[in-house]
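Novice: See target_21.txt below, with compact mmCIF, C-alpha atoms and all ligand atoms.
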# COMPACT_ATOMS: atom_id res chain seq x y z
CA MET P 157 65.40 -117.55 45.58
CA LYS P 158 64.46 -118.62 42.07
CA LYS P 159 66.96 -118.13 39.31
CA SER P 160 64.79 -115.57 37.55
CA ASP P 161 64.47 -113.56 40.76
CA ILE P 162 68.23 -113.40 41.08
CA VAL P 163 68.45 -112.15 37.51
CA LYS P 164 65.80 -109.53 38.28
CA ALA P 165 67.66 -108.38 41.39
CA LEU P 166 70.97 -108.10 39.57
CA ILE P 167 69.44 -106.17 36.74
CA LEU P 168 67.78 -103.83 39.20
CA ILE P 169 71.07 -103.07 40.94
CA LEU P 170 72.69 -102.40 37.59
CA ALA P 171 69.77 -100.20 36.66
CA VAL P 172 70.14 -98.08 39.77
CA VAL P 173 73.85 -97.54 39.22
CA LEU P 174 73.46 -96.57 35.60
CA ASN P 175 70.41 -94.51 36.24
CA VAL P 176 72.03 -92.27 38.83
CA LYS P 177 74.69 -91.43 36.28
CA THR P 178 72.31 -90.49 33.53
CA ILE P 179 69.33 -89.19 35.38
CA LYS P 180 70.23 -85.51 35.22
CA SER P 181 70.77 -85.25 31.49
CA MET P 182 67.88 -87.50 30.63
CA HIS P 183 65.36 -85.65 32.65
CA THR P 184 65.38 -82.40 30.75
CA ASP P 185 65.43 -83.98 27.32
CA GLN P 186 62.78 -86.48 28.09
CA ALA P 187 59.72 -84.45 27.24
CA LYS P 188 61.28 -83.41 23.96
CA ILE P 189 62.30 -86.90 22.91
CA SER P 190 59.16 -88.67 23.85
CA PRO P 191 55.88 -86.79 24.18
CA ASP P 192 54.21 -90.21 24.70
CA ARG P 193 55.82 -90.33 28.10
CA ALA P 194 53.33 -87.74 29.29
CA LYS P 195 50.52 -90.24 28.85
CA ILE P 196 52.02 -92.97 30.95
CA SER P 197 51.65 -94.22 34.46
CA GLY P 198 52.38 -91.77 37.25
CA LYS P 199 54.52 -94.15 39.27
CA PRO P 200 57.21 -92.01 40.84
CA ILE P 201 60.15 -93.60 39.16
CA ALA P 202 61.02 -90.69 36.90
CA SER P 203 63.50 -91.64 34.20
CA PHE P 204 63.52 -95.23 35.36
CA HIS P 205 60.58 -95.73 33.02
CA LYS P 206 62.53 -96.43 29.88
CA PHE P 207 65.16 -98.44 31.62
CA TRP P 208 62.70 -100.52 33.56
CA ALA P 209 60.74 -101.13 30.35
CA ASP P 210 63.92 -102.52 28.80
CA VAL P 211 64.47 -104.78 31.78
CA LYS P 212 60.92 -106.04 31.70
CA TRP P 213 61.28 -106.57 27.99
CA MET P 214 64.24 -108.89 28.50
CA LEU P 215 62.29 -110.87 31.05
CA PHE P 216 59.30 -110.86 28.75
CA ILE P 217 61.30 -112.44 25.94
CA GLN P 218 62.68 -115.07 28.31
CA HIS P 219 59.20 -115.81 29.56
CA MET P 220 57.77 -116.02 26.06
CA GLY P 221 60.31 -118.62 25.07
CA SER P 222 59.36 -120.81 27.99
CA ILE P 223 55.55 -120.88 27.78
CA ASP P 224 53.05 -122.62 25.60
CA LEU P 225 51.13 -119.98 23.67
CA THR P 226 48.47 -122.33 22.43
CA THR P 227 46.47 -121.83 25.60
CA GLU P 228 44.27 -118.82 25.99
CA LYS P 229 45.29 -118.33 29.62
CA ASN P 230 48.98 -117.99 28.72
CA SER P 231 48.13 -115.67 25.87
CA LYS P 232 46.19 -113.43 28.21
CA ASP P 233 49.05 -113.38 30.73
CA LEU P 234 51.45 -112.43 28.01
CA TYR P 235 49.12 -109.65 26.90
CA GLU P 236 49.06 -108.23 30.42
CA GLU P 237 52.83 -108.42 30.63
CA ALA P 238 53.19 -106.57 27.34
CA LYS P 239 50.76 -103.91 28.51
CA GLY P 240 52.86 -103.50 31.66
CA ILE P 241 55.95 -102.74 29.58
CA LEU P 242 54.05 -100.38 27.32
CA GLU P 243 52.76 -98.41 30.27
CA LEU P 244 56.37 -97.65 31.06
CA ASP P 245 57.39 -96.99 27.49
CA PRO P 246 54.46 -96.55 25.06
CA GLY P 247 56.77 -95.92 22.13
CA PHE P 248 58.48 -99.34 22.40
CA TYR P 249 57.86 -100.62 18.87
CA LYS P 250 59.33 -104.09 19.33
CA VAL P 251 56.89 -104.89 22.13
CA TYR P 252 53.93 -104.22 19.86
CA GLU P 253 55.42 -106.19 17.00
CA LEU P 254 56.52 -109.28 18.85
CA SER P 255 53.57 -109.52 21.23
CA ALA P 256 51.06 -109.07 18.44
CA LEU P 257 52.78 -111.81 16.52
CA MET P 258 52.72 -114.18 19.47
CA LEU P 259 49.15 -113.35 20.43
CA SER P 260 47.72 -113.50 16.93
CA ALA P 261 47.25 -117.26 16.81
CA LYS P 262 45.17 -117.82 19.92
CA THR P 263 43.88 -114.38 20.84
CA PRO P 264 43.82 -112.20 17.72
CA ASP P 265 41.60 -109.63 19.41
CA LEU P 266 44.22 -109.01 22.07
CA ALA P 267 46.89 -108.70 19.38
CA ILE P 268 44.76 -106.13 17.55
CA ASP P 269 44.13 -104.30 20.80
CA LEU P 270 47.86 -103.91 21.40
CA LEU P 271 48.50 -102.81 17.82
CA LYS P 272 45.76 -100.21 18.04
CA LYS P 273 47.37 -98.84 21.19
CA GLY P 274 50.65 -98.63 19.32
CA GLN P 275 49.03 -96.90 16.35
CA GLU P 276 47.92 -94.13 18.66
CA THR P 277 51.33 -93.40 20.11
CA HIS P 278 53.27 -90.40 18.95
CA GLN P 279 56.32 -92.48 18.09
CA ASN P 280 54.54 -95.17 16.12
CA LYS P 281 51.54 -93.45 14.60
CA ASN P 282 53.26 -93.21 11.23
CA ASP P 283 54.73 -96.67 11.27
CA TRP P 284 52.94 -98.54 8.49
CA ARG P 285 54.05 -101.90 9.92
CA LEU P 286 51.72 -101.69 12.91
CA PHE P 287 48.82 -101.09 10.53
CA SER P 288 49.71 -103.76 8.00
CA MET P 289 50.30 -106.25 10.80
CA ALA P 290 46.81 -105.59 12.14
CA GLY P 291 45.47 -106.10 8.63
CA ASN P 292 47.36 -109.37 8.30
CA ILE P 293 45.99 -110.68 11.59
CA ARG P 294 42.39 -110.00 10.56
CA HIS P 295 43.05 -111.39 7.10
CA GLN P 296 44.61 -114.51 8.56
CA GLU P 297 41.56 -115.20 10.67
CA THR P 298 39.48 -115.72 7.54
CA PHE P 299 41.77 -118.60 6.59
CA PHE P 300 42.30 -120.27 9.92
CA ASN P 301 39.10 -119.74 11.82
CA LYS P 302 36.04 -121.18 10.13
CA LYS P 303 33.65 -119.71 12.68
CA VAL P 304 34.41 -116.04 12.05
CA ASN P 305 32.32 -113.68 9.99
CA LYS P 306 34.64 -113.48 6.99
CA LYS P 307 33.12 -110.40 5.49
CA GLU P 308 33.54 -108.52 8.75
CA LYS P 309 37.17 -109.58 9.21
CA LEU P 310 38.01 -108.71 5.63
CA ARG P 311 36.42 -105.30 6.03
CA GLU P 312 38.60 -104.66 9.06
CA ALA P 313 41.71 -105.92 7.31
CA ILE P 314 41.02 -103.61 4.36
CA GLY P 315 40.66 -100.67 6.73
CA PHE P 316 44.04 -101.37 8.32
CA TYR P 317 45.76 -101.89 4.96
CA ARG P 318 44.32 -98.64 3.66
CA LEU P 319 45.75 -96.77 6.64
CA ALA P 320 49.11 -98.50 6.18
CA LEU P 321 49.23 -97.45 2.53
CA LYS P 322 48.94 -93.81 3.53
CA LYS P 323 52.00 -93.98 5.77
CA PRO P 324 55.46 -92.92 4.60
CA GLY P 325 57.86 -95.58 3.38
CA VAL P 326 55.24 -98.29 3.06
CA MET P 327 56.38 -101.33 1.06
CA PRO P 328 54.78 -101.36 -2.40
CA VAL P 329 54.02 -105.07 -2.07
CA LEU P 330 51.31 -104.12 0.40
CA GLU P 331 49.30 -102.74 -2.53
CA LYS P 332 48.92 -106.28 -3.79
CA THR P 333 47.74 -107.60 -0.46
CA TYR P 334 45.29 -104.73 -0.20
CA ILE P 335 43.83 -105.38 -3.65
CA LYS P 336 43.62 -109.15 -3.13
CA THR P 337 41.80 -108.60 0.15
CA ARG P 338 39.37 -106.18 -1.46
CA ALA P 339 38.70 -108.70 -4.22
CA GLN P 340 38.12 -111.41 -1.63
CA PHE P 341 35.69 -109.13 0.16
CA GLU P 342 33.73 -108.62 -3.07
CA PHE P 343 33.91 -112.32 -3.84
CA GLU P 344 32.67 -113.40 -0.43
CA GLY P 345 28.97 -114.23 -0.69
CA ASN P 346 28.96 -113.52 -4.42
CA ASP P 347 31.03 -116.34 -5.81
CA LYS P 348 29.38 -116.41 -9.22
CA ARG P 349 31.69 -113.64 -10.20
CA PRO P 350 35.20 -115.10 -10.63
CA LEU P 351 37.73 -113.96 -8.02
CA ILE P 352 40.29 -113.03 -10.65
CA ILE P 353 37.81 -110.64 -12.31
CA ALA P 354 37.04 -109.07 -8.96
CA GLU P 355 40.77 -108.61 -8.48
CA LEU P 356 41.22 -106.97 -11.85
CA THR P 357 38.34 -104.60 -11.18
CA GLU P 358 39.84 -103.67 -7.82
CA TRP P 359 43.17 -102.94 -9.49
CA SER P 360 41.46 -100.77 -12.04
CA LYS P 361 39.71 -98.78 -9.33
CA TYR P 362 42.94 -98.49 -7.37
CA VAL P 363 44.97 -97.24 -10.31
CA THR P 364 42.26 -94.75 -11.28
CA ASN P 365 42.08 -93.48 -7.70
CA LYS P 366 45.79 -93.26 -7.41
CA MET P 367 45.93 -91.21 -10.58
CA ALA P 368 43.16 -88.94 -9.40
CA GLY P 369 44.84 -88.70 -6.03
CA SER P 370 41.52 -88.69 -4.23
CA GLU P 371 41.72 -91.62 -1.90
CA TYR P 372 45.44 -91.75 -1.41
CA GLY P 373 46.22 -88.11 -0.94
CA MET P 374 48.83 -87.96 -3.68
CA GLU P 375 49.31 -85.45 -6.43
CA GLY P 376 46.96 -85.98 -9.32
CA ASP P 377 49.07 -84.74 -12.20
CA GLY P 378 52.28 -85.93 -13.74
CA ASP P 379 53.42 -89.50 -13.99
CA MET P 380 51.23 -90.89 -11.30
CA MET P 381 51.20 -94.29 -12.96
CA MET P 382 54.93 -94.42 -12.73
CA SER P 383 54.55 -94.61 -9.00
CA LEU P 384 53.31 -98.14 -9.47
CA GLU P 385 56.26 -100.48 -9.19
CA GLU P 386 57.31 -102.27 -12.36
CA ASN P 387 56.71 -105.53 -10.51
CA THR P 388 53.20 -104.47 -9.66
CA LYS P 389 52.52 -103.55 -13.28
CA ALA P 390 53.80 -106.93 -14.41
CA ASP P 391 51.43 -108.57 -11.93
CA ILE P 392 48.48 -106.61 -13.23
CA LEU P 393 49.33 -107.55 -16.81
CA SER P 394 49.51 -111.18 -15.80
CA ILE P 395 46.04 -110.89 -14.25
CA ILE P 396 44.76 -109.40 -17.53
CA GLN P 397 46.26 -112.38 -19.37
CA GLN P 398 44.70 -114.86 -16.96
CA VAL P 399 41.31 -113.24 -17.36
CA LYS P 400 41.68 -113.52 -21.12
CA ARG P 401 42.59 -117.22 -20.87
CA GLN P 402 40.14 -118.30 -18.21
CA HIS P 403 37.14 -116.07 -18.83
CA PRO P 404 37.41 -114.85 -22.43
CA ASN P 405 33.71 -114.00 -22.65
CA ASP P 406 33.25 -112.23 -19.35
CA LEU P 407 32.01 -108.74 -20.14
CA GLU P 408 33.35 -107.06 -17.01
CA GLY P 409 36.72 -108.75 -17.55
CA LYS P 410 36.90 -107.66 -21.18
CA LYS P 411 35.94 -104.09 -20.47
CA THR P 412 38.32 -103.67 -17.53
CA SER P 413 41.20 -105.28 -19.42
CA GLN P 414 40.73 -102.93 -22.36
CA LYS P 415 40.53 -99.93 -20.09
CA MET P 416 43.80 -100.81 -18.37
CA LEU P 417 45.60 -101.73 -21.59
CA ASN P 418 44.67 -98.30 -22.95
CA SER P 419 45.84 -96.44 -19.87
CA LEU P 420 48.32 -98.16 -17.63
CA PHE P 421 49.84 -100.19 -20.48
CA LYS P 422 49.52 -97.61 -23.23
CA GLY P 423 53.27 -97.60 -23.80
CA ILE P 424 53.72 -101.31 -24.41
CA HIS P 425 52.77 -103.60 -27.28
CA VAL P 426 50.67 -106.64 -26.50
CA CYS P 427 49.44 -109.51 -28.64
CA GLY P 428 45.76 -109.00 -29.42
CA LYS P 429 44.98 -112.63 -28.75
CA CYS P 430 46.69 -113.43 -25.46
CA TYR P 431 47.87 -109.98 -24.22
CA ASN P 432 51.45 -111.16 -23.95
CA GLU P 433 53.90 -108.28 -24.34
CA TYR P 434 56.06 -108.54 -27.48
CA ALA P 435 59.30 -106.89 -28.49
CA ALA P 436 60.30 -104.59 -31.35
CA GLY P 437 60.66 -106.43 -34.65
CA HIS P 438 58.59 -109.45 -33.65
CA LYS P 439 56.16 -110.67 -36.28
CA PHE P 440 54.53 -113.37 -34.21
CA CYS P 441 53.57 -113.66 -30.57
CA THR P 442 55.98 -115.96 -28.76
CA GLU P 443 53.20 -117.20 -26.49
CA CYS P 444 50.44 -118.08 -28.95
CA ARG P 445 51.91 -117.67 -32.47
CA ASN P 446 49.34 -115.04 -33.33
CA PRO P 447 50.69 -112.58 -35.96
CA VAL P 448 51.36 -109.20 -34.34
CA LYS P 449 51.81 -105.69 -35.70
CA VAL P 450 55.54 -105.06 -36.11
CA TYR P 451 57.00 -101.94 -34.52
CA GLY P 452 60.40 -100.42 -33.86
CA VAL P 453 62.04 -101.38 -37.19
CA CYS P 454 63.82 -99.12 -39.68
CA PRO P 455 61.47 -97.94 -42.45
CA ASN P 456 64.21 -98.27 -45.06
CA ARG P 457 63.27 -101.50 -46.82
CA GLN P 458 66.86 -102.47 -47.59
CA CYS P 459 67.57 -102.26 -43.84
CA GLY P 460 64.40 -103.09 -41.89
CA LYS P 461 66.35 -103.84 -38.75
CA VAL P 462 65.24 -103.17 -35.21
CA HIS P 463 66.58 -99.73 -34.23
CA SER P 464 67.19 -98.33 -30.78
CA GLY P 465 64.82 -95.41 -31.17
CA GLY P 466 67.17 -92.43 -31.71
CA LYS P 467 66.92 -89.86 -34.49
CA PHE P 468 68.72 -92.03 -37.03
CA CYS P 469 68.83 -95.75 -37.67
CA GLU P 470 72.09 -97.09 -36.24
CA HIS P 471 72.36 -99.68 -39.02
CA CYS P 472 71.85 -97.56 -42.17
CA GLY P 473 71.60 -93.92 -41.07
CA THR P 474 68.02 -93.39 -42.23
CA ASN P 475 66.37 -90.40 -40.57
CA LEU P 476 63.73 -92.04 -38.39
CA ARG P 477 61.93 -88.85 -37.41
CA ALA P 478 61.56 -87.73 -41.04
CA SER P 479 60.02 -91.00 -42.10
CA VAL P 480 57.53 -90.90 -39.23
CA ASN P 481 56.46 -87.41 -40.35
CA LYS P 482 56.17 -88.52 -43.98
CA LYS P 483 53.94 -91.38 -42.99
CA LYS P 484 51.67 -89.04 -41.09
CA LYS P 485 51.17 -86.84 -44.17
ZN ZN P 501 49.72 -114.04 -28.15
ZN ZN P 502 68.05 -98.78 -41.02
Would it be possible to restate this file's structure as structure tokens?

Specialist:
Amino acid sequence: MKKSDIVKALILILAVVLNVKTIKSMHTDQAKISPDRAKISGKPIASFHKFWADVKWMLFIQHMGSIDLTTEKNSKDLYEEAKGILELDPGFYKVYELSALMLSAKTPDLAIDLLKKGQETHQNKNDWRLFSMAGNIRHQETFFNKKVNKKEKLREAIGFYRLALKKPGVMPVLEKTYIKTRAQFEFEGNDKRPLIIAELTEWSKYVTNKMAGSEYGMEGDGDMMMSLEENTKADILSIIQQVKRQHPNDLEGKKTSQKMLNSLFKGIHVCGKCYNEYAAGHKFCTECRNPVKVYGVCPNRQCGKVHSGGKFCEHCGTNLRASVNKKKK
């Protein structure tokens, strides 16, 4: 007997003992807990399914550690093994995740196939990770495989990312990946238009859509823009600055930058020359020394200090609201 066979036999004995104990209670709850179970193989092992899937999973991990996944044959074997576990327990998230990861290098299509199966299960259909992972695998192929049709792979990746972004709890950083991939898609075969401009345009479309709530199924009114992470906003501003530095005369770049500065960045003050954000009281841009329009200082000339924006200046007591009104008249 091989060592792995002994392990299998021991685990099976353990499984039987434990299973007898729990079989009664499990059986009634099973349909409620896991509607996916209805879809699976009809082997007459009743509530052994889940347990046996766990056992196979342990063996699967052991096996994976011992084989060379750079051969297509091994990859295919591993795929079949994973499918075997998933037939017993289609909701087993870890199997999708780990197998897809292992299969992605040599047999990305098999990895995608598994992930798609997972995306259709009741338990995982709202798990954004299975969708973003599929996107990543397709995206990755455009870097590592020179033979692939890049446009096609990017289109697929975009589709997966878009689905992921509609799922609950999705990580905001995925927005960036999604936009970069879209820009790459536009750039592919049309490389006269700078990639960074394509990226900015994609951001602009995304933000507009998000505000309108059309594509992303979110509410249109209120502070939709606030749902963009501060980090993401900082990234967009940095793209606007790069466009200004690298392609100052690009019409599309200029127009899109202005549009976003007037909407998404309406609340902040930026230097007119380099689009660097500047603080209250600053007279010159700290990036490019361009003079900037001062804001946020007390209108009382004897004071003139930066105030914190309340009703009265905290340095001299001047009524800040009154002076704003006076200026307007
Ligand atoms: Zn500046
Ligand atoms: Zn003051």

Novice: Could you name the residues that touch stretch 326-340 of chain P at 9 Å or less, counting all atoms listed in the file, but leaving out those on the same chain fewer than 3 positions away, as a VMD selection string?

Specialist: chain P and resid 283 to 285 288 291 to 292 295 307 310 to 311 313 to 314 317 to 318 320 to 323 343 to 344 351 to 359 362 384 to 385 387 to 388 391

Novice: Using only C-alpha atoms, list the residues that have an atom at most 12 Å from (47.9, -111.5, -17.2), coordinates as in the file, as a CSV table (one decimal) with C-alpha atoms, in the frame of the given file.

Specialist:
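For reference, selection.csv as written:
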chain,number,residue,atom,x,y,z
P,352,ILE,CA,40.3,-113.0,-10.6
P,353,ILE,CA,37.8,-110.6,-12.3
P,355,GLU,CA,40.8,-108.6,-8.5
P,356,LEU,CA,41.2,-107.0,-11.8
P,388,THR,CA,53.2,-104.5,-9.7
P,389,LYS,CA,52.5,-103.6,-13.3
P,390,ALA,CA,53.8,-106.9,-14.4
P,391,ASP,CA,51.4,-108.6,-11.9
P,392,ILE,CA,48.5,-106.6,-13.2
P,393,LEU,CA,49.3,-107.6,-16.8
P,394,SER,CA,49.5,-111.2,-15.8
P,395,ILE,CA,46.0,-110.9,-14.2
P,396,ILE,CA,44.8,-109.4,-17.5
P,397,GLN,CA,46.3,-112.4,-19.4
P,398,GLN,CA,44.7,-114.9,-17.0
P,399,VAL,CA,41.3,-113.2,-17.4
P,400,LYS,CA,41.7,-113.5,-21.1
P,401,ARG,CA,42.6,-117.2,-20.9
P,402,GLN,CA,40.1,-118.3,-18.2
P,403,HIS,CA,37.1,-116.1,-18.8
P,409,GLY,CA,36.7,-108.8,-17.6
P,413,SER,CA,41.2,-105.3,-19.4
P,416,MET,CA,43.8,-100.8,-18.4
P,417,LEU,CA,45.6,-101.7,-21.6
P,421,PHE,CA,49.8,-100.2,-20.5
P,426,VAL,CA,50.7,-106.6,-26.5
P,427,CYS,CA,49.4,-109.5,-28.6
P,429,LYS,CA,45.0,-112.6,-28.8
P,430,CYS,CA,46.7,-113.4,-25.5
P,431,TYR,CA,47.9,-110.0,-24.2
P,432,ASN,CA,51.4,-111.2,-24.0
P,433,GLU,CA,53.9,-108.3,-24.3

Novice: Write out as a Markdown table the residues of chain P that have any atom within 12 Å of an atom of ligand ZN 502 (chain P), one row each with the nearest atom pair and its distance in Å to one decimal, counting only C-alpha atoms and all ligand atoms, sorted by chain and then rising number.

Specialist:
| residue | atom | partner | partner_atom | distance |
| --- | --- | --- | --- | --- |
| P:Gly452 | CA | P:ZN502 | ZN | 10.6 |
| P:Val453 | CA | P:ZN502 | ZN | 7.6 |
| P:Cys454 | CA | P:ZN502 | ZN | 4.5 |
| P:Pro455 | CA | P:ZN502 | ZN | 6.8 |
| P:Asn456 | CA | P:ZN502 | ZN | 5.6 |
| P:Arg457 | CA | P:ZN502 | ZN | 8.0 |
| P:Gln458 | CA | P:ZN502 | ZN | 7.6 |
| P:Cys459 | CA | P:ZN502 | ZN | 4.5 |
| P:Gly460 | CA | P:ZN502 | ZN | 5.7 |
| P:Lys461 | CA | P:ZN502 | ZN | 5.8 |
| P:Val462 | CA | P:ZN502 | ZN | 7.8 |
| P:His463 | CA | P:ZN502 | ZN | 7.0 |
| P:Ser464 | CA | P:ZN502 | ZN | 10.3 |
| P:Gly465 | CA | P:ZN502 | ZN | 10.9 |
| P:Gly466 | CA | P:ZN502 | ZN | 11.3 |
| P:Lys467 | CA | P:ZN502 | ZN | 11.1 |
| P:Phe468 | CA | P:ZN502 | ZN | 7.9 |
| P:Cys469 | CA | P:ZN502 | ZN | 4.6 |
| P:Glu470 | CA | P:ZN502 | ZN | 6.5 |
| P:His471 | CA | P:ZN502 | ZN | 4.8 |
| P:Cys472 | CA | P:ZN502 | ZN | 4.2 |
| P:Gly473 | CA | P:ZN502 | ZN | 6.0 |
| P:Thr474 | CA | P:ZN502 | ZN | 5.5 |
| P:Asn475 | CA | P:ZN502 | ZN | 8.6 |
| P:Leu476 | CA | P:ZN502 | ZN | 8.4 |
| P:Ser479 | CA | P:ZN502 | ZN | 11.2 |

Novice: Tell me, in Å to one decimal, how far atom CA of P:Pro350 is from atom CA of P:Phe299.

Specialist: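 Rounded to one decimal, the two atoms are 18.8 Å apart.
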
Novice: Calculate how many Å separate atom CA of P:Arg477 from atom CA of P:Ser419, rounding to one decimal.

Specialist: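 Calculated distance between atom CA of P:Arg477 and atom CA of P:Ser419 is 25.0 Å.
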
Novice: Would you please work out which residue, of P:Leu259, P:Ala209, P:Ala436, P:Ile241, is nearest to P:Thr226 when using only C-alpha atoms?

Specialist: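 Distance minimum relative to P:Thr226 lands on P:Leu259.
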
Novice: From the options P:Leu257, P:Ile268, P:Leu319, P:Cys444, which residue's atoms come nearest to ligand ZN 501 (chain P), counting all atoms listed in the file?

Specialist: P:Cys444

Novice: Kindly provide the residues of stretch 253-364 of chain P that approach stretch 220-224 of chain P to within 10 Å, each paired with its closest atom pair and their distance in Å to one decimal, based on all atoms listed in the file, listed by chain and increasing number, as a Markdown table.

Specialist:
| residue | atom | partner | partner_atom | distance |
| --- | --- | --- | --- | --- |
| P:Leu254 | CA | P:Met220 | CA | 9.9 |
| P:Ser255 | CA | P:Met220 | CA | 9.1 |
| P:Met258 | CA | P:Met220 | CA | 8.5 |

Novice: Calculated over only C-alpha atoms, which of the candidates P:Tyr434, P:Phe216, P:Phe287, P:Phe341 has the smallest distance to P:Glu308?

Specialist: P:Phe341

Novice: Which centre and edge lengths in Å to one decimal define the box along x, y and z that fits every listed atom of stretch 301-316 of chain P plus 3 Å per side, as AutoDock Vina command-line options?

Specialist:
--center_x 38.2 --center_y -110.9 --center_z 8.5 --size_x 17.7 --size_y 26.5 --size_z 14.3

Novice: For stretch 271-281 of chain P, work out the shell of residues within 7 Å, counting all atoms listed in the file and skipping chain neighbours fewer than 2 positions away, then give it as a PyMOL selection string.

Specialist: chain P and resi 191-192+246-247+249+252+256+267-269+283+286+290

Novice: Calculate how many Å separate atom CA of P:Lys212 from atom CA of P:Ile167, rounding to one decimal.

Specialist: 9.9 Å

Novice: For each of P:Cys441, P:Leu242, P:Leu225, P:Met367, take the minimum atom-to-atom distance to ligand ZN 501 (chain P), counting only C-alpha atoms and all ligand atoms, then give the residue where this is smallest.

Specialist: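 Of all the options, P:Cys441 lies closest to ligand ZN 501 (chain P).
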